[in-house]
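Colleague: Next up, start_10.txt (compact mmCIF, C-alpha atoms).
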# COMPACT_ATOMS: atom_id res chain seq x y z
CA MET A 46 27.55 -17.87 30.73
CA LYS A 47 26.53 -17.99 27.09
CA THR A 48 24.01 -20.79 27.82
CA LEU A 49 22.33 -18.76 30.57
CA LEU A 50 22.11 -15.73 28.27
CA ALA A 51 20.49 -17.83 25.51
CA TRP A 52 17.85 -19.15 27.92
CA THR A 53 17.17 -15.61 29.12
CA TYR A 54 16.65 -14.38 25.55
CA SER A 55 14.32 -17.35 24.85
CA ALA A 56 12.18 -16.67 27.94
CA ILE A 57 11.90 -12.93 27.25
CA THR A 58 10.95 -13.52 23.60
CA ALA A 59 8.29 -16.08 24.61
CA LEU A 60 6.76 -13.60 27.06
CA LEU A 61 6.75 -10.87 24.40
CA ILE A 62 4.98 -13.18 21.93
CA LEU A 63 2.37 -14.04 24.57
CA GLY A 64 1.86 -10.35 25.37
CA ILE A 65 1.36 -9.47 21.70
CA SER A 66 -1.13 -12.35 21.34
CA MET A 67 -3.10 -11.02 24.32
CA ILE A 68 -3.67 -7.72 22.49
CA GLY A 69 -6.26 -9.46 20.31
CA LEU A 70 -8.29 -10.36 23.42
CA ARG A 71 -8.78 -6.65 24.11
CA SER A 72 -10.40 -5.93 20.74
CA PRO A 73 -14.21 -5.64 20.70
CA ARG A 74 -16.08 -8.72 19.47
CA PRO A 75 -19.66 -9.12 18.26
CA MET A 76 -21.87 -11.11 20.61
CA ILE A 77 -23.46 -12.84 17.57
CA ASP A 78 -21.48 -13.59 14.43
CA VAL A 79 -23.21 -15.74 11.82
CA ARG A 80 -20.56 -17.18 9.54
CA THR A 81 -20.71 -19.32 6.43
CA ILE A 82 -17.72 -20.16 4.26
CA PRO A 83 -18.01 -20.01 1.35
CA LEU A 84 -20.96 -17.68 0.72
CA ILE A 85 -23.22 -19.63 -1.62
CA THR A 86 -26.84 -18.42 -1.29
CA HIS A 87 -28.50 -15.02 -1.12
CA SER A 88 -32.19 -14.44 -0.47
CA GLY A 89 -32.97 -12.12 -3.40
CA GLY A 90 -33.90 -8.46 -3.65
CA LEU A 91 -35.58 -6.52 -0.85
CA THR A 92 -39.32 -6.07 -0.99
CA PRO A 93 -41.59 -4.01 1.27
CA GLN A 94 -44.24 -6.78 1.21
CA SER A 95 -41.99 -9.50 2.66
CA PRO A 96 -38.77 -7.96 4.02
CA PRO A 97 -36.12 -10.42 5.23
CA GLY A 98 -35.32 -10.46 8.93
CA GLU A 99 -33.99 -12.50 11.84
CA MET A 100 -34.97 -13.35 15.42
CA PHE A 101 -32.22 -13.73 18.04
CA ARG A 102 -31.54 -13.65 21.77
CA CYS A 103 -29.18 -10.92 22.96
CA GLU A 104 -26.31 -12.01 25.21
CA GLN A 105 -25.19 -8.56 26.37
CA ASN A 106 -26.65 -5.26 27.45
CA GLY A 107 -26.37 -2.22 25.23
CA LEU A 108 -27.38 -3.68 21.85
CA GLN A 109 -26.33 -0.84 19.57
CA ARG A 110 -25.33 -2.11 16.13
CA ILE A 111 -26.28 -4.77 13.60
CA ASP A 112 -24.13 -5.59 10.56
CA ILE A 113 -25.73 -7.35 7.58
CA LEU A 114 -23.83 -8.89 4.67
CA LEU A 115 -25.31 -7.58 1.40
CA VAL A 116 -24.65 -7.89 -2.32
CA ALA A 117 -26.00 -5.85 -5.25
CA ILE A 118 -28.00 -8.02 -7.69
CA GLY A 119 -28.52 -5.19 -10.19
CA PRO A 120 -27.40 -1.65 -10.96
CA SER A 121 -28.43 0.43 -7.96
CA LEU A 122 -27.41 4.07 -7.53
CA HIS A 123 -27.32 5.31 -3.92
CA PRO A 124 -29.90 2.88 -2.47
CA ARG A 125 -31.42 3.57 0.92
CA ALA A 126 -32.31 0.71 3.25
CA THR A 127 -34.11 0.77 6.60
CA LEU A 128 -33.50 -1.53 9.56
CA ARG A 129 -36.29 -1.88 12.13
CA LEU A 130 -35.55 -3.47 15.48
CA ARG A 131 -38.53 -4.96 17.32
CA ALA A 132 -39.07 -6.63 20.66
CA ASN A 133 -39.81 -10.37 20.79
CA SER A 134 -41.18 -11.04 17.29
CA PRO A 135 -41.87 -9.64 13.80
CA SER A 136 -45.10 -8.17 15.17
CA GLY A 137 -43.49 -6.65 18.27
CA VAL A 138 -43.09 -3.00 19.18
CA VAL A 139 -40.56 -1.11 17.08
CA LEU A 140 -37.72 -0.13 19.44
CA ARG A 141 -35.24 1.37 16.99
CA GLU A 142 -35.29 2.41 13.34
CA THR A 143 -32.40 3.60 11.20
CA THR A 144 -32.03 4.33 7.48
CA ILE A 145 -28.67 4.49 5.68
CA SER A 146 -27.24 4.51 2.16
CA PRO A 147 -24.99 1.42 2.04
CA SER A 148 -22.05 1.16 -0.33
CA VAL A 149 -22.75 -2.18 -2.01
CA TYR A 150 -21.62 -3.28 -5.47
CA GLN A 151 -22.10 -6.21 -7.82
CA THR A 152 -18.43 -7.15 -7.50
CA GLY A 153 -18.94 -8.94 -4.20
CA PRO A 154 -20.47 -9.00 -0.72
CA ALA A 155 -20.01 -6.14 1.73
CA TRP A 156 -20.79 -5.66 5.41
CA VAL A 157 -23.25 -2.84 6.05
CA SER A 158 -23.53 -1.44 9.59
CA PHE A 159 -26.77 -0.12 11.07
CA GLU A 160 -26.04 1.79 14.28
CA PHE A 161 -28.68 3.05 16.71
CA GLU A 162 -29.11 4.28 20.26
CA PRO A 163 -28.13 1.44 22.64
CA VAL A 164 -30.83 -0.72 24.20
CA THR A 165 -29.51 -0.62 27.74
CA ASP A 166 -31.34 -3.67 29.16
CA SER A 167 -31.02 -5.98 26.14
CA LYS A 168 -29.29 -8.91 27.86
CA ASP A 169 -31.20 -12.25 27.69
CA LYS A 170 -34.05 -10.66 25.69
CA VAL A 171 -35.34 -11.71 22.28
CA PHE A 172 -35.27 -9.22 19.41
CA HIS A 173 -36.25 -9.20 15.77
CA PHE A 174 -34.86 -7.02 12.99
CA SER A 175 -36.05 -6.59 9.43
CA LEU A 176 -34.39 -4.99 6.43
CA GLU A 177 -36.68 -3.00 4.16
CA PRO A 178 -36.11 -0.90 1.03
CA ALA A 179 -36.40 2.82 1.71
CA ASP A 180 -36.51 3.57 -2.03
CA GLU A 181 -36.84 1.74 -5.33
CA ALA A 182 -33.07 1.38 -5.78
CA ALA A 183 -32.80 -0.67 -2.58
CA THR A 184 -34.81 -3.50 -4.18
CA GLN A 185 -31.52 -4.39 -5.92
CA LEU A 186 -29.89 -5.23 -2.56
CA SER A 187 -29.87 -8.84 -1.36
CA PRO A 188 -28.78 -10.25 2.04
CA TRP A 189 -26.84 -13.49 2.25
CA VAL A 190 -28.41 -16.55 3.83
CA ARG A 191 -26.88 -19.49 5.71
CA PHE A 192 -29.01 -22.61 5.36
CA HIS A 193 -28.52 -25.12 8.18
CA GLY A 194 -26.57 -28.19 7.16
CA GLN A 195 -23.76 -29.33 4.92
CA THR A 196 -23.64 -28.57 1.21
CA GLY A 197 -23.57 -31.46 -1.20
CA GLU A 198 -24.26 -30.62 -4.86
CA ASN A 199 -23.18 -27.00 -5.25
CA ASP A 200 -23.85 -25.57 -8.71
CA ALA A 201 -23.01 -21.98 -9.53
CA TRP A 202 -25.58 -19.38 -10.58
CA GLY A 203 -26.71 -20.19 -14.14
CA ASP A 204 -26.33 -18.21 -17.34
CA ARG A 205 -29.80 -18.45 -18.96
CA PHE A 206 -33.52 -18.51 -18.23
CA LEU A 207 -35.38 -21.80 -18.41
CA GLU A 208 -38.84 -22.27 -19.87
CA PRO A 209 -41.50 -20.89 -17.50
CA GLY A 210 -44.40 -23.08 -16.50
CA ALA A 211 -42.50 -26.25 -17.42
CA THR A 212 -41.46 -29.33 -15.43
CA HIS A 213 -37.71 -29.40 -14.94
CA ARG A 214 -35.94 -32.66 -14.19
CA GLY A 215 -32.56 -33.73 -12.86
CA ASN A 216 -30.74 -36.30 -10.77
CA PHE A 217 -27.86 -36.34 -8.31
CA VAL A 218 -26.01 -38.56 -5.86
CA SER A 219 -26.42 -37.55 -2.22
CA ASP A 220 -23.00 -36.79 -0.71
CA HIS A 221 -24.13 -36.96 2.93
CA ALA A 222 -26.79 -38.51 5.11
CA HIS A 223 -29.92 -36.62 6.16
CA LEU A 224 -30.78 -34.96 2.84
CA ARG A 225 -33.23 -32.17 3.69
CA ALA A 226 -33.40 -29.42 1.04
CA LEU A 227 -32.73 -28.34 -2.54
CA ALA A 228 -32.23 -24.73 -3.57
CA PHE A 229 -32.79 -23.31 -7.07
CA PRO A 230 -31.98 -19.84 -8.46
CA VAL A 231 -35.01 -17.99 -9.82
CA GLU A 232 -35.65 -14.68 -11.52
CA SER A 233 -38.92 -14.28 -9.64
CA MET A 234 -41.01 -16.58 -7.48
CA LEU A 235 -44.44 -15.52 -6.19
CA PRO A 236 -46.15 -18.56 -4.65
CA SER A 237 -49.34 -16.52 -4.22
CA LEU A 238 -49.70 -16.49 -8.04
CA GLY A 239 -49.06 -20.20 -8.55
CA THR A 240 -47.69 -23.23 -6.75
CA ALA A 241 -44.10 -24.36 -7.20
CA ARG A 242 -43.84 -28.07 -6.41
CA LEU A 243 -40.75 -30.26 -5.98
CA GLU A 244 -41.06 -34.05 -6.03
CA LEU A 245 -38.12 -36.27 -5.13
CA PHE A 246 -37.94 -39.90 -6.34
CA ASP A 247 -35.56 -42.77 -5.64
CA GLY A 248 -35.73 -44.06 -9.23
CA PRO A 249 -36.34 -42.68 -12.75
CA GLY A 250 -39.49 -44.76 -13.24
CA SER A 251 -40.87 -44.42 -9.73
CA LYS A 252 -44.39 -43.03 -9.43
CA ASP A 253 -44.44 -42.51 -5.67
CA PRO A 254 -42.22 -39.62 -4.55
CA VAL A 255 -39.99 -40.01 -1.52
CA ARG A 256 -40.54 -36.37 -0.56
CA VAL A 257 -42.78 -33.54 -1.78
CA ALA A 258 -42.14 -29.84 -1.03
CA THR A 259 -44.09 -26.72 -1.94
CA LEU A 260 -43.31 -23.11 -1.09
CA PRO A 261 -45.38 -21.17 1.44
CA VAL A 262 -47.53 -18.41 -0.03
CA LEU A 263 -45.44 -15.69 1.67
CA ASP A 264 -42.09 -17.05 0.44
CA GLU A 265 -41.51 -14.38 -2.21
CA VAL A 266 -38.12 -14.40 -3.99
CA HIS A 267 -36.70 -12.01 -6.60
CA ALA A 268 -33.36 -12.85 -8.25
CA GLY A 269 -32.28 -15.15 -5.46
CA TRP A 270 -32.09 -18.75 -4.25
CA THR A 271 -35.35 -20.38 -3.27
CA PHE A 272 -35.25 -23.33 -0.87
CA PHE A 273 -37.47 -26.40 -1.05
CA SER A 274 -37.22 -27.95 2.41
CA PHE A 275 -38.63 -31.32 3.41
CA GLU A 276 -38.40 -33.84 6.22
CA GLN A 277 -34.88 -35.20 6.26
CA ILE A 278 -34.05 -38.55 4.64
CA PRO A 279 -31.87 -40.35 7.22
CA GLU A 280 -30.18 -42.99 5.00
CA SER A 281 -29.45 -40.85 1.95
CA ARG A 282 -25.65 -41.11 1.70
CA TRP A 283 -24.37 -42.26 -1.73
CA LYS A 284 -27.89 -42.81 -3.05
CA ARG A 285 -29.10 -41.43 -6.36
CA TYR A 286 -32.24 -39.31 -6.39
CA TYR A 287 -34.35 -37.93 -9.23
CA PHE A 288 -36.38 -34.75 -8.97
CA GLU A 289 -39.18 -33.02 -10.86
CA LEU A 290 -39.77 -29.31 -10.27
CA GLN A 291 -43.01 -27.85 -11.56
CA THR A 292 -42.91 -24.05 -11.80
CA PRO A 293 -45.87 -21.68 -12.36
CA GLU A 294 -46.27 -19.66 -15.55
CA HIS A 295 -44.86 -16.43 -14.12
CA CYS A 296 -41.70 -18.09 -12.73
CA ARG A 297 -38.48 -18.45 -14.68
CA LEU A 298 -35.75 -20.67 -13.27
CA ILE A 299 -32.13 -19.80 -13.97
CA GLY A 300 -30.08 -22.66 -15.40
CA THR A 301 -27.32 -23.56 -17.80
CA GLY A 302 -26.90 -25.42 -21.09
CA GLY A 303 -26.70 -29.19 -21.43
CA GLU A 304 -24.63 -31.25 -23.84
CA ASN A 305 -27.22 -30.82 -26.60
CA GLY A 306 -27.80 -27.13 -25.90
CA GLU A 307 -30.98 -27.68 -23.90
CA GLY A 308 -31.54 -25.72 -20.72
CA ILE A 309 -31.02 -27.64 -17.49
CA PRO A 310 -31.60 -26.44 -13.92
CA VAL A 311 -28.78 -25.69 -11.52
CA TYR A 312 -29.25 -26.33 -7.81
CA LYS A 313 -27.68 -26.96 -4.42
CA THR A 314 -28.39 -29.80 -2.01
CA PHE A 315 -28.30 -29.51 1.78
CA HIS A 316 -27.88 -32.22 4.42
CA GLY A 317 -27.82 -32.33 8.19
CA LEU A 318 -29.83 -31.72 11.32
CA ASP A 319 -31.27 -28.50 12.70
CA VAL A 320 -29.12 -26.28 14.92
CA THR A 321 -29.95 -26.67 18.62
CA GLU A 322 -28.91 -24.73 21.71
CA SER A 323 -28.53 -21.53 19.68
CA SER A 324 -29.30 -17.88 20.32
CA LEU A 325 -30.68 -17.70 16.76
CA PHE A 326 -34.34 -18.46 16.03
CA GLY A 327 -34.21 -18.40 12.26
CA MET A 328 -34.87 -16.08 9.37
CA THR A 329 -38.18 -14.38 8.68
CA ARG A 330 -39.73 -13.08 5.48
CA GLY A 331 -42.45 -10.70 6.53
CA ALA A 332 -44.77 -12.73 8.79
CA LEU A 333 -43.30 -16.04 7.56
CA ARG A 334 -40.93 -17.90 9.94
CA GLN A 335 -38.08 -19.89 8.33
CA PRO A 336 -36.25 -21.65 11.19
CA ASP A 337 -34.07 -23.75 8.87
CA ARG A 338 -31.89 -20.78 7.82
CA ASP A 339 -30.35 -17.55 9.13
CA LEU A 340 -29.32 -14.23 7.70
CA VAL A 341 -25.57 -13.67 7.72
CA PHE A 342 -25.27 -10.87 10.29
CA ARG A 343 -23.41 -9.64 13.37
CA ALA A 344 -24.88 -8.05 16.50
CA TRP A 345 -22.86 -5.78 18.77
CA GLY A 346 -23.51 -4.82 22.38
CA GLU A 347 -21.56 -3.34 25.25
CA ASP A 348 -18.15 -4.96 25.05
CA PRO A 349 -15.47 -3.37 27.27
CA PRO A 350 -11.82 -4.04 26.34
CA SER A 351 -11.51 -6.84 28.91
CA ALA A 352 -14.80 -8.60 28.04
CA VAL A 353 -13.25 -11.37 25.93
CA PHE A 354 -10.57 -12.08 28.55
CA ALA A 355 -13.22 -12.09 31.27
CA ARG A 356 -15.32 -14.63 29.36
CA LEU A 357 -12.26 -16.86 28.93
CA MET A 358 -11.53 -16.67 32.65
CA GLU A 359 -15.13 -17.46 33.46
CA ARG A 360 -15.16 -20.55 31.26
CA THR A 361 -11.64 -21.87 31.97
CA GLY A 362 -10.74 -20.64 35.47
CA ASP A 363 -7.20 -21.48 36.60
CA ASP A 364 -6.72 -23.73 33.55
CA LEU A 365 -6.15 -20.60 31.46
CA TRP A 366 -3.12 -19.60 33.55
CA LEU A 367 -1.76 -23.14 33.45
CA ALA A 368 -2.15 -23.19 29.65
CA ALA A 369 -0.34 -19.82 29.39
CA ILE A 370 2.57 -21.07 31.53
CA LEU A 371 2.92 -24.30 29.55
CA TRP A 372 2.71 -22.35 26.29
CA CYS A 373 5.52 -20.00 27.42
CA LEU A 374 7.70 -22.94 28.46
CA ALA A 375 7.18 -24.75 25.16
CA THR A 376 7.85 -21.58 23.16
CA ALA A 377 11.00 -20.80 25.17
CA ILE A 378 12.34 -24.32 24.62
CA CYS A 379 11.69 -24.11 20.86
CA LEU A 380 13.42 -20.72 20.71
CA ARG A 381 16.37 -22.06 22.67
CA VAL A 382 16.73 -25.11 20.45
CA PHE A 383 16.14 -23.54 17.04
CA VAL A 384 16.92 -19.81 17.37
CA PHE A 385 19.27 -18.98 20.24
CA VAL A 386 21.66 -21.81 19.48
CA ASP A 387 25.17 -21.95 20.95
CA PRO A 388 27.75 -21.38 18.21
CA ASP A 389 29.79 -24.41 17.23
CA PRO A 390 33.25 -24.35 18.79
CA ARG A 391 35.85 -23.37 16.26
CA PRO A 392 38.54 -25.99 15.65
CA GLU A 393 42.02 -25.01 16.69
CA VAL A 394 44.20 -23.97 13.78
CA VAL A 395 47.63 -25.53 13.99
CA SER A 396 50.21 -23.14 12.57
CA ARG A 397 52.93 -24.75 10.57
CA SER A 398 56.35 -23.10 10.61
CA ALA A 399 57.88 -22.35 7.29
CA PRO A 400 60.88 -24.48 6.40
CA THR A 401 64.21 -22.92 7.19
CA VAL A 402 66.43 -22.06 4.32
CA ASP A 403 70.23 -22.04 4.60
CA PRO A 404 71.34 -18.70 3.22
CA GLU A 405 74.61 -20.17 2.10
CA VAL A 406 72.97 -22.75 -0.07
CA SER A 407 71.76 -21.34 -3.35
CA PRO A 408 68.52 -22.69 -4.73
CA ALA A 409 68.72 -25.28 -7.44
CA PRO A 410 68.11 -23.97 -10.96
CA PRO A 411 64.90 -24.95 -12.58
CA ALA A 412 64.93 -28.06 -14.64
CA ASP A 413 65.12 -27.68 -18.38
Mind turning this structure into structure tokens?

Modeller:
Amino acid sequence: MKTLLAWTYSAITALLILGISMIGLRSPRPMIDVRTIPLITHSGGLTPQSPPGEMFRCEQNGLQRIDILLVAIGPSLHPRATLRLRANSPSGVVLRETTISPSVYQTGPAWVSFEFEPVTDSKDKVFHFSLEPADEAATQLSPWVRFHGQTGENDAWGDRFLEPGATHRGNFVSDHAHLRALAFPVESMLPSLGTARLELFDGPGSKDPVRVATLPVLDEVHAGWTFFSFEQIPESRWKRYYFELQTPEHCRLIGTGGENGEGIPVYKTFHGLDVTESSLFGMTRGALRQPDRDLVFRAWGEDPPSAVFARLMERTGDDLWLAAILWCLATAICLRVFVFVDPDPRPEVVSRSAPTVDPEVSPAPPAD
């Protein structure tokens, strides 16, 4: 009887655990969730001339909210930022516009939500949103960027300004194959006022660069990471590369101190192929398309409580029920073996009778 009761407890507990786990499937989920762990690059302060944005395809009807991950790059009191949602492209018709005062601080990144009237027929359509400063304080806000690929060299933000208008040099060993970009932190980069040029060599004395990258004229960066992208190098794993970065007079790179106190650049390297089969079409900066990176954002549409469960059923069919049954059986067996264990049988205690004492015989006196 005790064994049957233990199995009953195990089965009921397994079903309760499964039921509690199913509660999470009823919570609303964003239809697009750009993630990058850890956060390592931000695009720099907002500018009205070249506001950052993103193009994406909507997977649900009722697009009604976009969250953007922001960080404060300077002291900003009550900034106001504007999100503009357009149809099809950065030059499309403005469908929605909303301005808010986000609570963002220099202590770390924060999600900022821009809510607007739902776009009822948004499913399978392409949209573009841009984030623009509504006042001067908002220029101190910077969105985070996810560059496509794996991170190799990953220096932190520097602690000093490097000489402007100089050629900065460095070398590194490529951690992965398909090297395709280097990113440098800059105080300000305006390619329209002067060309920034990166040359990559396979040896310190080589005169012919393996790759050359310059920034587009519209790629304007203020207190952020600037990316020098080039055609990928397929066989780059464990190879040493040398670079020379020529910056214009107005540009100051941010670096750190070397062994002799000289300023040296800090940077990040990126490897890997482009993302395919995605609902994301890349970041924009004004009219400039940057398909090799995305803003870190989330898009929300109509998502009834059962939407996640319905998508699971659509993709798995009867296999979902079979997996749930097997999971319950496995959990019940583990509970039966490790939790609802039969108590060990107690050993029988054999009582020993006390020796009989003859009342007529007096006890012997204690020995001296």

Colleague: Choose the residue, out of A:Phe246, A:Gly137, A:Gly89, A:Pro97, that has the smallest atom-to-atom separation from A:Asn216; count all atoms listed in the file.

Modeller: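 Smallest distance to A:Asn216 is found for A:Phe246.
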
Colleague: One number please: atom CA of A:Val266 to atom CA of A:Glu232, in Å, one decimal.

Modeller: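 Separation between atom CA of A:Val266 and atom CA of A:Glu232: 7.9 Å.
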
Colleague: How many Å lie between atom CA of A:Thr240 and atom CA of A:Ser136, rounded to one decimal?

Modeller: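 Interatomic distance here is 26.7 Å.
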
Colleague: Check the smallest atom-to-atom distance from each of A:Lys168, A:Arg282, A:Arg225, A:His123 to A:Val255 using only C-alpha atoms, then report the winner.

Modeller: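 For A:Val255, the nearest of the given residues is A:Arg225.
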
Colleague: Just want the 7 Å neighbourhood of A:Leu140, counted on all atoms listed in the file, with same-chain residues fewer than 2 positions away dropped. Output as a ChimeraX atom specification.

Modeller: /A:130-132,138
